[in-house]
Amino acid sequence: MPAKTGDQYIERIRKAKNNVYIGGERVEDPTTHPSFKNVVKSMAHLYDLQYENPDKMLYTSPTSGDKVGMTFMRPESIEDLIKRREAITEWAKATGGMMGRSPDYLNAEVMAMGTATDLFAEADPMFAENARNYYEYCRENDISLTHTLIHPQVNRAKAQHEQKDANNALHLVEKRKDGIIVDGIRLLATQGGITDEILVFPSTVKKSGELDDPYSLAFAIPNNTEGLKFISRESFDYGKNEWDHPLSSRFEEGDAIVSFENVFVPWERVFVCENSSICNRTFGETGAVVHMSHQVVSKNVVKTEFLLGIILQVMDAIGIDQFQHVKDKGTEVMLTLETMKSHLYKAEHNAKLDKWGTMTPDFEALNAARNWYPRVYPRITEILRILGASGLMGIPTEADFQHEEIGPIINRAMQGKNLDGFERVQLFRLAWDATLSAFGSRQAHYEYYFFGDPIKMGMTYFDQYDKDPYKDFVQDFLNKSTSKKPNVTGV
Ligand SMILES: Cc1cc2nc3c(=O)[nH]c(=O)nc-3n(C[C@H](O)[C@H](O)[C@H](O)COP(=O)(O)OP(=O)(O)OC[C@H]3O[C@@H](n4cnc5c(N)ncnc54)[C@H](O)[C@@H]3O)c2cc1C
């Protein structure tokens, strides 16, 4: 079928009756439940954009000839990569980059894993075939996805098999003729209950040894599979209107603990079974990490543009843009934006065909950007907080402005340089929701952790970085010294 519309997305979620829990109750229908209905609407809007802007958002399926989502496309040229980025950008613009799990993130993952399948074939050619078929299935049915990579946080000093209650984590229970039975917990599924299917994959950064093979699995199943439960954290969408909570009321994606109770996974949906070695290499050797990074960096360029826009508007609103330190803080964010763009353009400019014929961005540039952004994102929001000052707390609600008595008072009290109180507070509420609200705080936490622990990522980055050229550079410089080495002993 061709790419889906917003209504089709909602209808599927409604019919699926995914097993979602929140606040101690089972959710009958996430599309109407107060904690989920607004983000469902935002997701629907993203799917509608595919048809509002088909030239950018759709392409012709190589198998069915249908118009399918551009972010599923396997790029074969730099032009294709740019087309993918333009579609990613289009979706990010619709949310100010505030939905980390717009569908393009995991579409990139299934595209890469369904194309570079040799790794899965190491254990059995069937697994490679499964990954190829799954990519095609997702693309042809515009499947929305969540994913879960992490074992529960019980005792990080021990491997999974050494944990006191080792089978608390998702593990293989039984191999049957028709599939496998799995049981246990996985974390942390953003958009858990409001998507069609779940990808269960190994962590991108945590490596396992052979004794962890029972926990080393990769598969995909529908979110309404029997035995599957999504236990969602409390919502940061407090049911306020879009004026009061401009971001939380639209883009609160939710994060869920995922419980598997003796869940059956048919073999055709299994990609890795009991194989820590393949799991450890999955994201790297399939190129998934590269294509996902391309999506992330493209999205974060837009997110930085959005935050820079808020910062500049705040400066204008209260007339602080001529102060030296304020300009300097604006410059810091501008430099971040331009640096992120440069990473992205270098990644696309230096892209190369991989051995499967997929045009793959230059990972050096993307890897630097994905390691760097979690470090600078808190600074961007800190700058917005510093510049907003009391303005981020003096934020009456829309209802206050409508009130006969206090409305006129606050409209005057909260005026800006060239804005009335209503206009200025609307802007400052946006700045607050991007930084200080529960939603804004989660954004900072998300940017820090969603790709894995940045500390471990940074250690891997250091270990894998080609350091010799720089050491040699200095050694050559030292060797050019005309002084003679003294004939000393004792070292
Ligand atoms: C908002 C949000 C959304 C998320 N969405 C998803 C999602 O959709 N799907 C998904 O699969 N995951 C998701 N995650 C989880 C994310 O993948 C993890 O948070 C990340 O991989 C880090 O793992 P952890 O949380 O288990 O931290 P831990 O590994 O438990 O680390 C906790 C702390 O201990 C330190 N630490 C732990 N082990 C070591 C060690 N061996 N050496 C040194 N230091 C160590 C870490 O540096 C860190 O400071 C999300 C996380 C957040 C915050």
# chains A, B, ... in the order shown; residues from 1 in each chain; ligands from 1
>>> closest_atom_pairs(of="chain A", to="ligand 1", cutoff="7 Å", atoms="only C-alpha atoms and all ligand atoms", output="JSON lines")
{"residue": "A:Thr146", "atom": "CA", "partner": "ligand 1", "partner_atom_place_in_ligand_line": "8 (O)", "distance": 6.2}
{"residue": "A:His147", "atom": "CA", "partner": "ligand 1", "partner_atom_place_in_ligand_line": "9 (N)", "distance": 4.9}
{"residue": "A:Thr148", "atom": "CA", "partner": "ligand 1", "partner_atom_place_in_ligand_line": "11 (O)", "distance": 3.3}
{"residue": "A:Leu149", "atom": "CA", "partner": "ligand 1", "partner_atom_place_in_ligand_line": "11 (O)", "distance": 3.6}
{"residue": "A:Ile150", "atom": "CA", "partner": "ligand 1", "partner_atom_place_in_ligand_line": "11 (O)", "distance": 5.3}
{"residue": "A:His151", "atom": "CA", "partner": "ligand 1", "partner_atom_place_in_ligand_line": "26 (O)", "distance": 6.9}
{"residue": "A:Pro152", "atom": "CA", "partner": "ligand 1", "partner_atom_place_in_ligand_line": "26 (O)", "distance": 6.8}
{"residue": "A:Gln153", "atom": "CA", "partner": "ligand 1", "partner_atom_place_in_ligand_line": "30 (O)", "distance": 5.1}
{"residue": "A:Arg156", "atom": "CA", "partner": "ligand 1", "partner_atom_place_in_ligand_line": "38 (N)", "distance": 5.1}
{"residue": "A:Ala157", "atom": "CA", "partner": "ligand 1", "partner_atom_place_in_ligand_line": "41 (N)", "distance": 6.3}
{"residue": "A:Leu187", "atom": "CA", "partner": "ligand 1", "partner_atom_place_in_ligand_line": "11 (O)", "distance": 5.5}
{"residue": "A:Leu188", "atom": "CA", "partner": "ligand 1", "partner_atom_place_in_ligand_line": "12 (N)", "distance": 4.3}
{"residue": "A:Ala189", "atom": "CA", "partner": "ligand 1", "partner_atom_place_in_ligand_line": "8 (O)", "distance": 4.0}
{"residue": "A:Thr190", "atom": "CA", "partner": "ligand 1", "partner_atom_place_in_ligand_line": "8 (O)", "distance": 3.8}
{"residue": "A:Ser203", "atom": "CA", "partner": "ligand 1", "partner_atom_place_in_ligand_line": "21 (O)", "distance": 6.9}
{"residue": "A:Asp255", "atom": "CA", "partner": "ligand 1", "partner_atom_place_in_ligand_line": "3 (C)", "distance": 6.1}
{"residue": "A:Arg442", "atom": "CA", "partner": "ligand 1", "partner_atom_place_in_ligand_line": "1 (C)", "distance": 5.7}
{"residue": "A:Gln443", "atom": "CA", "partner": "ligand 1", "partner_atom_place_in_ligand_line": "1 (C)", "distance": 6.9}
{"residue": "A:His445", "atom": "CA", "partner": "ligand 1", "partner_atom_place_in_ligand_line": "53 (C)", "distance": 5.0}
{"residue": "A:Tyr446", "atom": "CA", "partner": "ligand 1", "partner_atom_place_in_ligand_line": "1 (C)", "distance": 3.8}
{"residue": "A:Tyr449", "atom": "CA", "partner": "ligand 1", "partner_atom_place_in_ligand_line": "19 (O)", "distance": 4.8}
{"residue": "A:Phe450", "atom": "CA", "partner": "ligand 1", "partner_atom_place_in_ligand_line": "50 (C)", "distance": 4.6}
{"residue": "A:Phe451", "atom": "CA", "partner": "ligand 1", "partner_atom_place_in_ligand_line": "17 (O)", "distance": 5.8}
{"residue": "A:Gly452", "atom": "CA", "partner": "ligand 1", "partner_atom_place_in_ligand_line": "21 (O)", "distance": 3.3}
{"residue": "A:Asp453", "atom": "CA", "partner": "ligand 1", "partner_atom_place_in_ligand_line": "22 (C)", "distance": 4.3}
{"residue": "A:Ile455", "atom": "CA", "partner": "ligand 1", "partner_atom_place_in_ligand_line": "47 (O)", "distance": 5.3}
{"residue": "A:Lys456", "atom": "CA", "partner": "ligand 1", "partner_atom_place_in_ligand_line": "47 (O)", "distance": 6.5}
>>> write_last_selection(atoms="N, CA and C atoms", output="short mmCIF file (atom, residue, chain, number, x, y, z; two decimals), in the first residue's frame")
data_model
loop_
_atom_site.label_atom_id
_atom_site.label_comp_id
_atom_site.auth_asym_id
_atom_site.auth_seq_id
_atom_site.Cartn_x
_atom_site.Cartn_y
_atom_site.Cartn_z
N THR A 146 8.61 1.62 17.41
CA THR A 146 9.34 2.00 18.60
C THR A 146 10.49 1.01 18.72
N HIS A 147 11.43 1.25 19.63
CA HIS A 147 12.46 0.21 19.80
C HIS A 147 12.95 0.16 21.24
N THR A 148 13.56 -0.97 21.58
CA THR A 148 14.06 -1.14 22.93
C THR A 148 15.37 -1.91 22.93
N LEU A 149 16.37 -1.30 23.58
CA LEU A 149 17.74 -1.81 23.48
C LEU A 149 18.37 -2.20 24.80
N ILE A 150 17.79 -1.77 25.92
CA ILE A 150 18.52 -1.77 27.19
C ILE A 150 17.92 -2.75 28.19
N HIS A 151 18.81 -3.45 28.92
CA HIS A 151 18.34 -4.30 30.03
C HIS A 151 18.04 -3.40 31.24
N PRO A 152 17.20 -3.88 32.14
CA PRO A 152 16.89 -3.07 33.34
C PRO A 152 18.16 -2.69 34.11
N GLN A 153 18.05 -1.53 34.78
CA GLN A 153 19.21 -0.93 35.46
C GLN A 153 19.31 -1.51 36.87
N ARG A 156 24.85 -2.40 37.27
CA ARG A 156 25.65 -2.20 36.05
C ARG A 156 27.09 -2.68 36.20
N ALA A 157 27.48 -3.06 37.43
CA ALA A 157 28.84 -3.56 37.62
C ALA A 157 28.95 -5.03 37.17
N LEU A 187 14.05 -1.87 28.29
CA LEU A 187 13.85 -0.43 28.39
C LEU A 187 14.34 0.20 27.10
N LEU A 188 14.04 1.37 26.79
CA LEU A 188 12.95 2.20 27.28
C LEU A 188 12.27 2.65 26.01
N ALA A 189 11.04 2.25 25.79
CA ALA A 189 10.44 2.45 24.47
C ALA A 189 9.74 3.81 24.38
N THR A 190 10.44 4.78 23.78
CA THR A 190 9.79 6.06 23.48
C THR A 190 8.72 5.80 22.43
N SER A 203 21.94 -3.18 22.43
CA SER A 203 22.38 -1.80 22.66
C SER A 203 23.40 -1.40 21.61
N ASP A 255 7.56 7.57 27.34
CA ASP A 255 8.61 6.54 27.39
C ASP A 255 8.05 5.38 28.21
N ARG A 442 12.99 16.85 30.03
CA ARG A 442 13.14 15.56 29.35
C ARG A 442 13.90 15.71 28.04
N GLN A 443 13.66 16.83 27.36
CA GLN A 443 14.38 17.04 26.10
C GLN A 443 15.89 17.00 26.34
N HIS A 445 17.43 15.52 28.82
CA HIS A 445 17.78 14.15 29.19
C HIS A 445 17.81 13.26 27.95
N TYR A 446 16.84 13.48 27.09
CA TYR A 446 16.76 12.71 25.85
C TYR A 446 18.01 12.94 24.99
N TYR A 449 21.01 11.09 26.38
CA TYR A 449 21.07 9.63 26.51
C TYR A 449 20.53 8.81 25.34
N PHE A 450 19.75 9.43 24.43
CA PHE A 450 18.98 8.55 23.53
C PHE A 450 19.85 7.66 22.67
N PHE A 451 21.10 8.08 22.38
CA PHE A 451 21.95 7.27 21.49
C PHE A 451 22.81 6.31 22.30
N GLY A 452 22.66 6.33 23.63
CA GLY A 452 23.50 5.51 24.50
C GLY A 452 24.23 6.43 25.46
N ASP A 453 24.94 5.82 26.42
CA ASP A 453 25.67 6.60 27.41
C ASP A 453 26.80 7.38 26.72
N ILE A 455 29.27 8.85 27.86
CA ILE A 455 30.60 8.60 28.41
C ILE A 455 31.22 7.40 27.68
N LYS A 456 30.40 6.34 27.57
CA LYS A 456 30.92 5.14 26.88
C LYS A 456 31.13 5.44 25.39
#
>>> residues_around(residues="range 296-312 of chain A", least_positions_apart="6", cutoff="9 Å", atoms="only C-alpha atoms", output="PyMOL selection string")
chain A and resi 85-86+88-89+91-93+95-98+100+105+321+330+333-334+336-338+340-341+343-344+366+369-370+373+377+380-381+383-384+387-388+427-428+430-431+434
>>> residues_around(residues="Asp244 in chain A", least_positions_apart="5", cutoff="9 Å", atoms="only C-alpha atoms", output="count of residues only")
10
>>> residues_around(residues="Ser77 in chain A", least_positions_apart="5", cutoff="12 Å", atoms="only C-alpha atoms", output="compact mmCIF listing (two decimals) with N, CA and C atoms, in the first residue's frame")
# COMPACT_ATOMS: atom_id res chain seq x y z
N ILE A 82 20.59 13.48 -0.06
CA ILE A 82 20.07 14.83 0.16
C ILE A 82 18.54 14.80 0.19
N LYS A 83 17.96 13.98 -0.69
CA LYS A 83 16.49 13.86 -0.66
C LYS A 83 16.02 13.33 0.69
N ARG A 84 16.74 12.32 1.20
CA ARG A 84 16.38 11.78 2.53
C ARG A 84 16.46 12.90 3.57
N GLU A 348 27.63 14.33 3.91
CA GLU A 348 26.98 14.06 2.62
C GLU A 348 27.97 14.20 1.46
N HIS A 349 28.80 15.24 1.54
CA HIS A 349 29.76 15.50 0.46
C HIS A 349 30.73 14.33 0.31
N ASN A 350 31.16 13.75 1.44
CA ASN A 350 32.15 12.66 1.40
C ASN A 350 31.51 11.28 1.43
N ALA A 351 30.20 11.23 1.17
CA ALA A 351 29.52 9.92 1.22
C ALA A 351 30.11 8.97 0.17
N LYS A 352 30.06 7.68 0.49
CA LYS A 352 30.59 6.68 -0.45
C LYS A 352 29.62 5.50 -0.53
N LEU A 353 29.67 4.82 -1.67
CA LEU A 353 28.86 3.61 -1.80
C LEU A 353 29.48 2.52 -0.94
N ASP A 354 28.65 1.85 -0.14
CA ASP A 354 29.20 0.73 0.64
C ASP A 354 29.14 -0.53 -0.23
N GLY A 357 26.08 -1.25 -2.18
CA GLY A 357 25.59 -0.26 -3.14
C GLY A 357 24.75 0.83 -2.50
N THR A 358 24.83 0.94 -1.17
CA THR A 358 24.07 2.00 -0.49
C THR A 358 24.98 3.21 -0.30
N MET A 359 24.51 4.37 -0.68
CA MET A 359 25.30 5.59 -0.50
C MET A 359 25.30 5.93 0.99
N THR A 360 26.48 5.85 1.58
CA THR A 360 26.59 5.94 3.04
C THR A 360 27.36 7.20 3.42
N PRO A 361 26.74 8.04 4.26
CA PRO A 361 27.43 9.28 4.64
C PRO A 361 28.75 9.00 5.34
>>> select_by_dssp(residues="range 29-249 of chain A", states="strand (DSSP E or B)", output="ChimeraX atom specification")
/A:58-60,67-69,145-148,150,169,171-175,179-190,197-200,217-222,228-232
>>> select_by_dssp(residues="range 223-428 of chain A", states="alpha helix (DSSP H)", output="PyMOL selection string")
chain A and resi 248-251+276-285+288-317+324-349+363-388+398-402+406-413+421-428
>>> write_last_selection(atoms="C-alpha atoms", output="tab-separated table (two decimals), in the first residue's frame")
chain	number	residue	atom	x	y	z
A	248	SER	CA	4.19	19.59	25.94
A	249	SER	CA	0.66	19.80	24.57
A	250	ARG	CA	1.83	18.62	21.15
A	251	PHE	CA	5.04	16.61	21.24
A	276	SER	CA	26.28	-11.88	21.45
A	277	SER	CA	28.98	-11.61	18.80
A	278	ILE	CA	26.48	-10.63	16.09
A	279	CYS	CA	24.59	-8.38	18.49
A	280	ASN	CA	27.76	-6.51	19.41
A	281	ARG	CA	28.40	-5.75	15.74
A	282	THR	CA	24.83	-5.11	14.57
A	283	PHE	CA	24.65	-1.32	14.55
A	284	GLY	CA	28.22	-0.88	13.26
A	285	GLU	CA	28.42	-3.52	10.55
A	288	ALA	CA	22.53	1.49	10.82
A	289	VAL	CA	24.42	3.77	13.18
A	290	VAL	CA	25.56	5.89	10.22
A	291	HIS	CA	22.11	6.31	8.67
A	292	MET	CA	20.50	6.90	12.07
A	293	SER	CA	23.17	9.51	12.83
A	294	HIS	CA	22.38	11.20	9.51
A	295	GLN	CA	18.75	11.48	10.63
A	296	VAL	CA	19.75	12.67	14.12
A	297	VAL	CA	22.16	15.35	12.94
A	298	SER	CA	19.69	16.59	10.29
A	299	LYS	CA	16.98	16.79	12.96
A	300	ASN	CA	19.28	18.49	15.44
A	301	VAL	CA	20.23	21.17	12.92
A	302	VAL	CA	16.54	22.07	12.80
A	303	LYS	CA	16.23	21.84	16.59
A	304	THR	CA	19.17	24.22	17.00
A	305	GLU	CA	17.62	26.62	14.46
A	306	PHE	CA	14.39	26.53	16.45
A	307	LEU	CA	16.15	27.21	19.77
A	308	LEU	CA	18.29	29.94	18.21
A	309	GLY	CA	15.09	31.54	16.92
A	310	ILE	CA	13.59	31.51	20.42
A	311	ILE	CA	16.79	32.96	21.90
A	312	LEU	CA	16.90	35.79	19.33
A	313	GLN	CA	13.21	36.56	19.85
A	314	VAL	CA	13.71	36.69	23.62
A	315	MET	CA	16.62	39.12	23.14
A	316	ASP	CA	14.43	41.34	20.98
A	317	ALA	CA	11.44	41.07	23.27
A	324	GLN	CA	28.10	42.30	25.01
A	325	HIS	CA	27.62	39.05	26.95
A	326	VAL	CA	24.18	38.59	25.41
A	327	LYS	CA	25.61	38.88	21.89
A	328	ASP	CA	28.36	36.48	22.93
A	329	LYS	CA	25.80	33.91	24.09
A	330	GLY	CA	23.87	34.30	20.85
A	331	THR	CA	27.14	33.76	19.00
A	332	GLU	CA	27.75	30.54	20.94
A	333	VAL	CA	24.46	29.10	19.68
A	334	MET	CA	25.08	30.36	16.13
A	335	LEU	CA	28.49	28.65	16.15
A	336	THR	CA	26.86	25.43	17.34
A	337	LEU	CA	24.35	25.62	14.52
A	338	GLU	CA	26.94	26.33	11.85
A	339	THR	CA	29.20	23.58	13.17
A	340	MET	CA	26.37	21.05	13.10
A	341	LYS	CA	25.53	22.08	9.52
A	342	SER	CA	29.17	21.67	8.51
A	343	HIS	CA	29.26	18.17	9.96
A	344	LEU	CA	26.15	17.31	7.99
A	345	TYR	CA	27.39	18.73	4.72
A	346	LYS	CA	30.79	17.05	5.11
A	347	ALA	CA	29.02	13.76	5.81
A	348	GLU	CA	26.98	14.06	2.62
A	349	HIS	CA	29.76	15.50	0.46
A	363	PHE	CA	30.69	8.54	9.52
A	364	GLU	CA	33.67	10.56	10.76
A	365	ALA	CA	31.67	13.77	10.46
A	366	LEU	CA	28.44	12.31	11.84
A	367	ASN	CA	30.18	10.47	14.66
A	368	ALA	CA	31.82	13.69	15.81
A	369	ALA	CA	28.46	15.50	15.67
A	370	ARG	CA	26.54	12.79	17.54
A	371	ASN	CA	29.20	12.70	20.26
A	372	TRP	CA	29.35	16.47	20.49
A	373	TYR	CA	25.69	17.51	20.51
A	374	PRO	CA	24.82	15.89	23.89
A	375	ARG	CA	27.63	17.99	25.35
A	376	VAL	CA	26.44	21.30	23.88
A	377	TYR	CA	22.68	20.89	24.09
A	378	PRO	CA	22.57	21.66	27.84
A	379	ARG	CA	24.53	24.85	27.13
A	380	ILE	CA	21.96	26.00	24.56
A	381	THR	CA	19.14	25.60	27.03
A	382	GLU	CA	21.26	27.18	29.77
A	383	ILE	CA	21.75	30.25	27.55
A	384	LEU	CA	18.01	30.47	26.99
A	385	ARG	CA	17.46	30.28	30.76
A	386	ILE	CA	20.11	32.89	31.51
A	387	LEU	CA	18.68	35.32	28.97
A	388	GLY	CA	15.04	34.67	29.87
A	398	GLU	CA	-4.04	32.36	28.65
A	399	ALA	CA	-6.94	32.21	31.13
A	400	ASP	CA	-5.27	34.92	33.23
A	401	PHE	CA	-5.13	37.17	30.16
A	402	GLN	CA	-8.82	36.50	29.44
A	406	ILE	CA	-6.35	40.81	35.94
A	407	GLY	CA	-6.16	40.46	32.14
A	408	PRO	CA	-5.56	44.17	31.50
A	409	ILE	CA	-3.14	44.36	34.44
A	410	ILE	CA	-0.88	41.59	33.16
A	411	ASN	CA	-1.17	42.67	29.55
A	412	ARG	CA	0.42	45.92	30.64
A	413	ALA	CA	2.74	44.46	33.29
A	421	GLY	CA	2.00	41.39	27.49
A	422	PHE	CA	0.01	38.65	25.74
A	423	GLU	CA	2.53	38.41	22.90
A	424	ARG	CA	5.57	38.53	25.17
A	425	VAL	CA	4.27	35.85	27.55
A	426	GLN	CA	3.35	33.59	24.63
A	427	LEU	CA	7.01	33.70	23.54
A	428	PHE	CA	8.35	33.20	27.05
>>> residues_around(residues="Tyr51 in chain A", least_positions_apart="6", cutoff="8 Å", atoms="only C-alpha atoms", output="list in words")
Thr5, Met57 and Leu58 of chain A
>>> closest_residue(among="A:Gly458, A:Pro486, A:Gly287, A:Gly416", to="Glu109 in chain A", atoms="only C-alpha atoms")
A:Gly287
>>> atom_distance(atom1="CA of Pro103 in chain A", atom2="CA of Gly184 in chain A")
26.2 Å
>>> residues_around(residues="Asn275 in chain A", least_positions_apart="3", cutoff="10 Å", atoms="only C-alpha atoms", output="number ranges by chain")
A: 120, 123, 208-218, 272, 278-280
>>> residues_around(residues="Phe127 in chain A", least_positions_apart="5", cutoff="10 Å", atoms="only C-alpha atoms", output="count of residues only")
17
